[in-house]
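Trainee: final.cif is reproduced below (mmCIF, C-alpha atoms).
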```
data_upload
#
loop_
_atom_site.label_atom_id
_atom_site.label_comp_id
_atom_site.auth_asym_id
_atom_site.auth_seq_id
_atom_site.Cartn_x
_atom_site.Cartn_y
_atom_site.Cartn_z
CA MET I 96 18.66 -3.21 -4.76
CA GLU I 97 20.71 -0.03 -4.93
CA MET I 98 19.04 2.92 -3.22
CA GLY I 99 19.64 6.63 -3.46
CA LYS I 100 18.61 6.77 -7.11
CA LYS I 101 15.31 6.65 -8.95
CA ASN I 102 14.61 2.95 -9.39
CA GLY I 103 11.19 3.40 -10.97
CA GLY I 104 8.62 5.85 -12.19
CA ILE I 105 5.14 6.21 -13.64
CA GLU I 106 3.72 7.47 -16.93
CA LEU I 107 0.31 8.76 -17.90
CA LEU I 108 -1.65 5.88 -19.44
CA ALA I 109 -1.47 5.98 -23.26
CA GLU I 110 -2.82 3.85 -26.10
CA GLU I 111 0.50 2.07 -26.65
CA HIS I 112 0.44 0.63 -23.13
CA PHE I 113 -2.55 -1.59 -24.00
CA SER I 114 -0.46 -3.64 -26.45
CA GLN I 115 2.68 -3.89 -24.30
CA GLN I 116 4.00 -6.69 -22.09
CA ASN I 117 6.42 -6.42 -19.20
CA PRO I 118 9.73 -8.39 -19.17
CA TRP I 119 7.95 -11.37 -17.54
CA GLY I 120 5.41 -11.76 -20.32
CA GLN I 121 2.50 -10.16 -18.49
CA THR I 122 0.16 -7.61 -20.06
CA VAL I 123 1.07 -4.13 -18.82
CA VAL I 124 -2.56 -2.95 -18.60
CA GLY I 125 -4.23 -5.38 -16.19
CA TRP I 126 -7.22 -3.29 -15.11
CA GLN I 127 -10.54 -4.32 -16.65
CA PRO I 128 -14.05 -2.83 -16.55
CA THR I 129 -16.19 -4.10 -13.69
CA SER I 130 -19.36 -6.09 -14.32
CA GLN I 131 -21.45 -3.19 -12.98
CA GLY I 132 -21.18 0.58 -12.89
CA ILE I 133 -19.99 3.33 -15.21
CA GLY I 134 -16.25 3.92 -15.07
CA GLY I 135 -15.47 1.11 -12.61
CA LEU I 136 -12.24 -0.86 -13.03
CA HIS I 137 -10.98 -3.98 -11.32
CA ASN I 138 -7.70 -5.88 -11.29
CA PRO I 139 -7.98 -9.63 -10.58
CA ARG I 140 -4.76 -9.38 -8.53
CA GLY I 141 -6.86 -7.87 -5.76
CA TYR I 142 -7.99 -4.29 -6.39
CA ALA I 143 -10.92 -2.32 -7.77
CA ILE I 144 -11.74 1.35 -8.26
CA LEU I 145 -15.44 2.20 -8.44
CA ARG I 146 -16.87 5.56 -9.42
CA VAL I 147 -19.80 6.18 -7.08
CA VAL I 148 -22.22 8.96 -6.14
CA LEU I 149 -22.51 9.85 -2.47
CA THR I 150 -26.07 10.34 -1.25
CA LYS I 151 -27.49 11.88 1.91
CA LEU I 152 -30.80 11.66 3.77
CA ALA I 153 -32.47 15.06 3.52
CA GLU I 154 -36.13 15.80 4.19
CA GLU I 155 -36.86 12.08 4.55
CA LYS I 156 -35.42 11.07 1.19
CA MET I 157 -32.01 10.19 -0.19
CA VAL I 158 -30.58 12.88 -2.45
CA PRO I 159 -27.39 12.71 -4.58
CA LEU I 160 -24.48 14.92 -3.47
CA TYR I 161 -21.39 14.31 -5.63
CA ASP I 162 -19.42 11.58 -7.39
CA GLN I 163 -16.09 10.19 -6.24
CA PRO I 164 -13.90 7.09 -6.62
CA VAL I 165 -13.69 4.42 -3.91
CA ILE I 166 -10.99 1.76 -3.68
CA VAL I 167 -11.73 -1.89 -2.88
CA GLU I 168 -8.98 -4.35 -1.92
CA ASN I 169 -8.69 -8.04 -1.16
CA ALA I 170 -7.89 -8.83 2.46
CA GLY I 171 -4.28 -8.42 3.57
CA SER I 172 -1.93 -7.75 6.46
CA ILE I 173 0.53 -5.15 7.76
CA ILE I 174 3.21 -6.85 9.85
CA ILE I 175 5.03 -5.32 12.80
CA ALA I 176 7.89 -7.76 13.34
CA GLN I 177 10.14 -7.35 16.38
CA LEU I 178 13.53 -8.78 17.32
CA GLY I 179 14.57 -7.85 20.83
CA GLN I 180 14.02 -4.11 21.14
CA LYS I 181 14.16 -3.49 17.39
CA ILE I 182 11.49 -3.36 14.68
CA GLY I 183 12.04 -4.89 11.25
CA LEU I 184 11.19 -2.61 8.33
CA VAL I 185 11.90 -2.58 4.61
CA LYS I 186 12.57 0.09 1.97
CA ASN I 187 9.92 0.17 -0.76
CA PHE I 188 10.07 2.40 -3.83
CA ARG I 189 6.72 4.20 -3.98
CA MET I 190 5.26 6.62 -6.47
CA VAL I 191 5.03 9.52 -4.02
CA GLY I 192 6.69 12.92 -3.82
CA GLU I 193 6.48 16.50 -2.72
CA ARG I 194 3.83 18.82 -4.18
CA ILE I 195 5.22 20.50 -7.30
CA LEU I 196 3.31 23.71 -6.50
CA PRO I 197 4.06 23.99 -2.78
CA ASP I 198 2.34 27.38 -2.37
CA ALA I 199 -0.85 26.55 -4.26
CA ALA I 200 -2.72 25.35 -1.14
CA ALA I 201 -6.44 24.96 -2.00
CA MET I 202 -5.70 25.88 -5.63
CA TYR I 203 -3.36 22.90 -6.13
CA ILE I 204 -5.59 20.62 -8.23
CA LYS I 205 -7.10 23.57 -10.12
CA GLN I 206 -3.67 24.88 -11.10
CA LEU I 207 -2.37 21.43 -12.05
CA ASN I 208 -5.30 21.01 -14.43
CA GLU I 209 -5.36 24.52 -15.88
CA ASN I 210 -1.60 24.52 -16.52
CA TYR I 211 -1.44 21.00 -17.98
CA LEU I 212 0.93 19.85 -15.25
CA TRP I 213 -0.26 16.27 -14.75
CA GLU I 214 2.65 14.77 -16.71
CA GLU I 215 5.14 16.95 -14.85
CA LEU I 216 3.60 15.74 -11.60
CA VAL I 217 3.85 12.03 -12.41
CA ASN I 218 7.42 12.50 -13.68
CA SER I 219 8.39 13.97 -10.31
CA LEU I 220 7.20 10.99 -8.29
CA GLY I 221 9.32 8.18 -6.89
CA GLN I 222 10.86 7.87 -3.42
CA TRP I 223 12.23 5.13 -1.21
CA LYS I 224 9.91 4.81 1.79
CA LEU I 225 10.47 2.95 5.04
CA GLU I 226 7.57 0.56 5.69
CA ALA I 227 6.43 -2.50 7.55
CA PRO I 228 6.15 -5.56 5.30
CA ARG I 229 2.60 -5.84 3.97
CA GLY I 230 0.53 -7.43 1.25
CA LEU I 231 -2.74 -8.99 0.20
CA ILE I 232 -3.67 -12.65 0.55
CA PRO I 233 -2.08 -14.34 -2.50
CA LEU I 234 -4.56 -15.89 -4.93
CA GLU I 235 -2.73 -19.21 -4.82
CA VAL I 236 -3.23 -19.38 -1.05
CA ALA I 237 -6.95 -18.60 -1.22
CA GLU I 238 -7.57 -20.91 -4.18
CA LYS I 239 -6.19 -23.91 -2.28
CA GLY I 240 -9.21 -23.67 0.00
CA GLU I 241 -7.11 -24.57 3.04
CA THR I 242 -9.50 -22.75 5.36
CA LYS I 243 -12.36 -20.30 5.29
CA ASP I 244 -11.13 -18.69 8.52
CA ILE I 245 -10.06 -15.17 7.46
CA GLU I 246 -7.73 -14.80 10.47
CA LYS I 247 -5.79 -17.92 9.46
CA PHE I 248 -5.48 -16.53 5.93
CA ILE I 249 -4.18 -13.25 7.37
CA LEU I 250 -1.57 -14.94 9.57
CA LYS I 251 -0.41 -17.13 6.67
CA THR I 252 -0.14 -14.04 4.47
CA ALA I 253 1.88 -12.26 7.17
CA LYS I 254 4.45 -15.07 7.15
CA ILE I 255 4.66 -15.05 3.35
CA GLU I 256 4.97 -11.27 2.99
CA SER I 257 7.51 -10.90 5.82
CA LEU I 258 9.76 -13.51 4.26
CA GLN I 259 9.36 -12.40 0.64
CA GLU I 260 9.68 -8.65 1.13
CA ALA I 261 12.09 -8.42 4.05
CA GLY I 262 13.58 -11.87 4.65
CA PHE I 263 12.07 -12.04 8.15
CA ARG I 264 11.03 -15.48 9.42
CA ILE I 265 8.34 -14.70 11.96
CA THR I 266 6.77 -16.67 14.79
CA ASN I 267 4.11 -16.11 17.46
CA ALA I 268 2.11 -14.02 15.01
CA LYS I 269 -1.21 -12.66 16.20
CA VAL I 270 -3.83 -10.30 14.83
CA MET I 271 -3.92 -7.00 16.72
CA GLY I 272 -6.83 -5.31 14.94
CA LYS I 273 -7.62 -3.47 11.72
CA VAL I 274 -6.71 -0.11 10.19
CA ASN I 275 -8.12 1.92 7.29
CA PRO I 276 -5.64 4.29 5.57
CA ASN I 277 -8.34 6.75 4.44
CA SER I 278 -12.01 5.98 5.04
CA THR I 279 -13.09 8.55 2.44
CA PHE I 280 -11.68 6.40 -0.36
CA PHE I 281 -10.96 2.90 1.02
CA VAL I 282 -14.09 0.87 1.74
CA HIS I 283 -12.36 -1.86 3.80
CA SER I 284 -9.80 -2.02 6.59
CA GLN I 285 -6.69 -4.21 6.58
CA TRP I 286 -5.40 -6.41 9.37
CA VAL I 287 -2.46 -5.54 11.62
CA VAL I 288 -0.29 -8.48 12.69
CA TYR I 289 2.32 -8.45 15.45
CA ALA I 290 5.04 -11.11 15.42
CA LYS I 291 8.50 -11.99 16.67
CA ILE I 292 11.41 -12.42 14.26
CA GLU I 293 13.10 -15.80 14.70
CA GLY I 294 15.56 -15.45 11.84
CA VAL I 295 16.62 -13.25 8.92
CA GLU I 296 17.19 -14.57 5.40
CA LYS I 297 17.63 -13.09 1.94
CA SER I 298 14.42 -11.49 0.74
CA ARG I 299 12.70 -12.74 -2.41
CA PRO I 300 10.37 -9.96 -3.62
CA GLU I 301 8.04 -10.48 -6.57
CA ASN I 302 9.10 -9.26 -10.01
CA LEU I 303 6.41 -6.58 -9.98
CA GLU I 304 7.73 -5.02 -6.75
CA ILE I 305 10.55 -2.49 -6.33
CA ILE I 306 11.90 -3.36 -2.90
CA GLY I 307 15.23 -2.47 -1.30
CA ASN I 308 17.00 -3.61 1.83
CA SER I 309 15.39 -4.56 5.12
CA LYS I 310 16.80 -3.46 8.45
CA LEU I 311 16.16 -3.62 12.20
CA TYR I 312 15.54 -0.20 13.79
CA SER I 313 15.48 0.81 17.43
CA LEU I 314 12.59 2.98 18.57
CA ASP I 315 15.01 5.86 19.10
CA GLU I 316 16.15 5.58 15.47
CA LEU I 317 12.54 5.53 14.27
CA ARG I 318 11.67 8.51 16.47
CA GLU I 319 14.46 10.52 14.88
CA LEU I 320 13.37 9.50 11.37
CA ASN I 321 9.82 10.48 12.28
CA ARG I 322 10.92 13.88 13.58
CA SER I 323 12.88 14.53 10.38
CA GLY I 324 9.85 13.68 8.23
CA GLU I 325 11.57 10.75 6.50
CA PHE I 326 9.43 8.07 8.17
CA ASP I 327 5.83 8.92 7.25
CA ASP I 328 4.08 5.76 6.06
CA GLY I 329 0.61 5.99 7.59
CA LEU I 330 -0.13 2.27 7.65
CA THR I 331 3.15 1.47 9.38
CA LEU I 332 2.75 4.27 11.93
CA ALA I 333 -0.82 3.22 12.72
CA ALA I 334 0.15 -0.46 12.98
CA MET I 335 3.01 0.34 15.35
CA ALA I 336 0.66 2.32 17.58
CA MET I 337 -1.81 -0.60 17.63
CA CYS I 338 1.04 -2.84 18.77
CA GLY I 339 1.86 -0.49 21.67
CA LEU I 340 4.98 1.09 20.13
CA SER I 341 5.20 4.83 20.63
CA LEU I 342 7.35 7.24 18.61
CA ARG I 343 6.87 10.13 21.04
#
```
Once more with this new file: its structure as structure tokens, please.
Mentor:
Amino acid sequence: MEMGKKNGGIELLAEEHFSQQNPWGQTVVGWQPTSQGIGGLHNPRGYAILRVVLTKLAEEKMVPLYDQPVIVENAGSIIIAQLGQKIGLVKNFRMVGERILPDAAAMYIKQLNENYLWEELVNSLGQWKLEAPRGLIPLEVAEKGETKDIEKFILKTAKIESLQEAGFRITNAKVMGKVNPNSTFFVHSQWVVYAKIEGVEKSRPENLEIIGNSKLYSLDELRELNRSGEFDDGLTLAAMAMCGLSLR
């Protein structure tokens, strides 16, 4: 996929989206209300957002503090794949961007809301980001009932995601631990997998993904990208550290 241009974007959800289908015949709006809770949504592909109220023990009783969303995900893997002294990463088009009010500081959300800037914000998003291949356990893998061993599911997923997203055929894969991108909002951790690359093929990303080229990077190249601020994916950086790879 050609990079250096805006290959995707996002829009504020509107009524017309509920009746639309994407080019592959799938309903655009796939999030459904959960079976419990006010305002909760889940997507059978592997995600849920629950609106919860945080409580705290005070004077020997639990008292409510404030409401917030929490994100629930199916199990998945982040793969650090190495060939020689190089790490295999892939470009993924993500809906991220710089703050549109860079000087607002603690007033950022307040000013976005008061000045009706939410649509301007979402229209500004969209950047190619350098990442390790990653993904959730595919439903078709879990539904086969091959095993109830979560680690075997994770390693199988790592092989699938590495090949689909980046074209990396991996071997000697092993689970290195788990990482949580933000424990305020994510209720579960995801697994970090380290593997060797035994071959490189053409990637075959899913239709719903916006994925660019994969490439092998030396640690010196990644250190320079990190210093320049271009390489900032938290999951990839944490996974590399867990695998003993330092960008200092």
Trainee: List as a Markdown table every residue of range 257-284 of chain I that is in contact with range 157-180 of chain I, defined as an atom at most 7 Å from one of its atoms (using all atoms listed in the file), together with the nearest atom pair and the distance in Å rounded to one decimal, sorted by chain and then rising number.
Mentor:
```
| residue | atom | partner | partner_atom | distance |
| --- | --- | --- | --- | --- |
| I:Phe280 | CA | I:Val165 | CA | 4.5 |
| I:Phe281 | CA | I:Ile166 | CA | 4.8 |
| I:Val282 | CA | I:Val167 | CA | 5.9 |
| I:His283 | CA | I:Val167 | CA | 6.7 |
```
Trainee: Write the residues of the preceding selection, restricted to C-alpha atoms, as a PDB file, in the coordinates of the input.
Mentor:
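Ended up saving to result25.pdb:
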```pdb
ATOM      1  CA  PHE I 280     -11.680   6.400  -0.360  1.00  0.00           C
ATOM      2  CA  PHE I 281     -10.960   2.900   1.020  1.00  0.00           C
ATOM      3  CA  VAL I 282     -14.090   0.870   1.740  1.00  0.00           C
ATOM      4  CA  HIS I 283     -12.360  -1.860   3.800  1.00  0.00           C
TER       5      HIS I 283
END
```
Trainee: Quick one: distance from CA of Ala253 in chain I to CA of Met190 in chain I in Å, one decimal?
Mentor: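 It comes out at 23.5 Å.
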Trainee: I need the output of the PyMOL selection byres ((chain I and resi 302) around 12) for this file as a PDB file with C-alpha atoms, keeping the file's coordinate frame; which residues are they?
Mentor:
```
ATOM      1  CA  ASN I 117       6.420  -6.420 -19.200  1.00  0.00           C
ATOM      2  CA  PRO I 118       9.730  -8.390 -19.170  1.00  0.00           C
ATOM      3  CA  TRP I 119       7.950 -11.370 -17.540  1.00  0.00           C
ATOM      4  CA  GLY I 120       5.410 -11.760 -20.320  1.00  0.00           C
ATOM      5  CA  GLN I 121       2.500 -10.160 -18.490  1.00  0.00           C
ATOM      6  CA  GLN I 259       9.360 -12.400   0.640  1.00  0.00           C
ATOM      7  CA  GLU I 260       9.680  -8.650   1.130  1.00  0.00           C
ATOM      8  CA  ARG I 299      12.700 -12.740  -2.410  1.00  0.00           C
ATOM      9  CA  PRO I 300      10.370  -9.960  -3.620  1.00  0.00           C
ATOM     10  CA  GLU I 301       8.040 -10.480  -6.570  1.00  0.00           C
ATOM     11  CA  LEU I 303       6.410  -6.580  -9.980  1.00  0.00           C
ATOM     12  CA  GLU I 304       7.730  -5.020  -6.750  1.00  0.00           C
ATOM     13  CA  ILE I 305      10.550  -2.490  -6.330  1.00  0.00           C
ATOM     14  CA  ILE I 306      11.900  -3.360  -2.900  1.00  0.00           C
TER      15      ILE I 306
END
```
Trainee: Please report the interatomic distance between CA of Gly141 in chain I and CA of Trp223 in chain I in Å with one decimal.
Mentor: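 Calculated distance between CA of Gly141 in chain I and CA of Trp223 in chain I is 23.5 Å.
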Trainee: One decimal, in Å: what's the spacing between CA of Lys186 in chain I and CA of Glu293 in chain I?
Mentor: 20.4 Å
Trainee: Considering all atoms listed in the file, give me a table of residues in range 116-211 of chain I that are at most 10 Å from range 103-109 of chain I, with the closest atom pair and distance in Å for each, as CSV.
Mentor:
```
residue,atom,partner,partner_atom,distance
I:Val124,CA,I:Leu108,CA,8.9
I:Phe188,CA,I:Gly103,CA,7.3
I:Arg189,CA,I:Gly103,CA,8.3
I:Met190,CA,I:Gly104,CA,6.7
I:Val191,CA,I:Gly104,CA,9.6
```
Trainee: Write out the residues from the selection above, keeping C-alpha atoms, as an mmCIF file, in the frame of the given file.
Mentor:
```
data_model
loop_
_atom_site.group_PDB
_atom_site.id
_atom_site.type_symbol
_atom_site.label_atom_id
_atom_site.label_comp_id
_atom_site.auth_asym_id
_atom_site.auth_seq_id
_atom_site.Cartn_x
_atom_site.Cartn_y
_atom_site.Cartn_z
ATOM 1 C CA VAL I 124 -2.560 -2.950 -18.600
ATOM 2 C CA PHE I 188 10.070 2.400 -3.830
ATOM 3 C CA ARG I 189 6.720 4.200 -3.980
ATOM 4 C CA MET I 190 5.260 6.620 -6.470
ATOM 5 C CA VAL I 191 5.030 9.520 -4.020
#
```
Trainee: Go ahead and find all residues with at least one atom no further than 12 Å from (0.7, -13.9, 10.7) in the file's coordinates, using all atoms listed in the file; report them as a PyMOL selection string.
Mentor: chain I and resi 171-176+228-230+232+245-258+263-271+286-292
Trainee: Next, dump the selected residues to file, keeping only C-alpha atoms, as a PDB file, in the coordinates of the input.
Mentor:
```
ATOM      1  CA  GLY I 171      -4.280  -8.420   3.570  1.00  0.00           C
ATOM      2  CA  SER I 172      -1.930  -7.750   6.460  1.00  0.00           C
ATOM      3  CA  ILE I 173       0.530  -5.150   7.760  1.00  0.00           C
ATOM      4  CA  ILE I 174       3.210  -6.850   9.850  1.00  0.00           C
ATOM      5  CA  ILE I 175       5.030  -5.320  12.800  1.00  0.00           C
ATOM      6  CA  ALA I 176       7.890  -7.760  13.340  1.00  0.00           C
ATOM      7  CA  PRO I 228       6.150  -5.560   5.300  1.00  0.00           C
ATOM      8  CA  ARG I 229       2.600  -5.840   3.970  1.00  0.00           C
ATOM      9  CA  GLY I 230       0.530  -7.430   1.250  1.00  0.00           C
ATOM     10  CA  ILE I 232      -3.670 -12.650   0.550  1.00  0.00           C
ATOM     11  CA  ILE I 245     -10.060 -15.170   7.460  1.00  0.00           C
ATOM     12  CA  GLU I 246      -7.730 -14.800  10.470  1.00  0.00           C
ATOM     13  CA  LYS I 247      -5.790 -17.920   9.460  1.00  0.00           C
ATOM     14  CA  PHE I 248      -5.480 -16.530   5.930  1.00  0.00           C
ATOM     15  CA  ILE I 249      -4.180 -13.250   7.370  1.00  0.00           C
ATOM     16  CA  LEU I 250      -1.570 -14.940   9.570  1.00  0.00           C
ATOM     17  CA  LYS I 251      -0.410 -17.130   6.670  1.00  0.00           C
ATOM     18  CA  THR I 252      -0.140 -14.040   4.470  1.00  0.00           C
ATOM     19  CA  ALA I 253       1.880 -12.260   7.170  1.00  0.00           C
ATOM     20  CA  LYS I 254       4.450 -15.070   7.150  1.00  0.00           C
ATOM     21  CA  ILE I 255       4.660 -15.050   3.350  1.00  0.00           C
ATOM     22  CA  GLU I 256       4.970 -11.270   2.990  1.00  0.00           C
ATOM     23  CA  SER I 257       7.510 -10.900   5.820  1.00  0.00           C
ATOM     24  CA  LEU I 258       9.760 -13.510   4.260  1.00  0.00           C
ATOM     25  CA  PHE I 263      12.070 -12.040   8.150  1.00  0.00           C
ATOM     26  CA  ARG I 264      11.030 -15.480   9.420  1.00  0.00           C
ATOM     27  CA  ILE I 265       8.340 -14.700  11.960  1.00  0.00           C
ATOM     28  CA  THR I 266       6.770 -16.670  14.790  1.00  0.00           C
ATOM     29  CA  ASN I 267       4.110 -16.110  17.460  1.00  0.00           C
ATOM     30  CA  ALA I 268       2.110 -14.020  15.010  1.00  0.00           C
ATOM     31  CA  LYS I 269      -1.210 -12.660  16.200  1.00  0.00           C
ATOM     32  CA  VAL I 270      -3.830 -10.300  14.830  1.00  0.00           C
ATOM     33  CA  MET I 271      -3.920  -7.000  16.720  1.00  0.00           C
ATOM     34  CA  TRP I 286      -5.400  -6.410   9.370  1.00  0.00           C
ATOM     35  CA  VAL I 287      -2.460  -5.540  11.620  1.00  0.00           C
ATOM     36  CA  VAL I 288      -0.290  -8.480  12.690  1.00  0.00           C
ATOM     37  CA  TYR I 289       2.320  -8.450  15.450  1.00  0.00           C
ATOM     38  CA  ALA I 290       5.040 -11.110  15.420  1.00  0.00           C
ATOM     39  CA  LYS I 291       8.500 -11.990  16.670  1.00  0.00           C
ATOM     40  CA  ILE I 292      11.410 -12.420  14.260  1.00  0.00           C
TER      41      ILE I 292
END
```
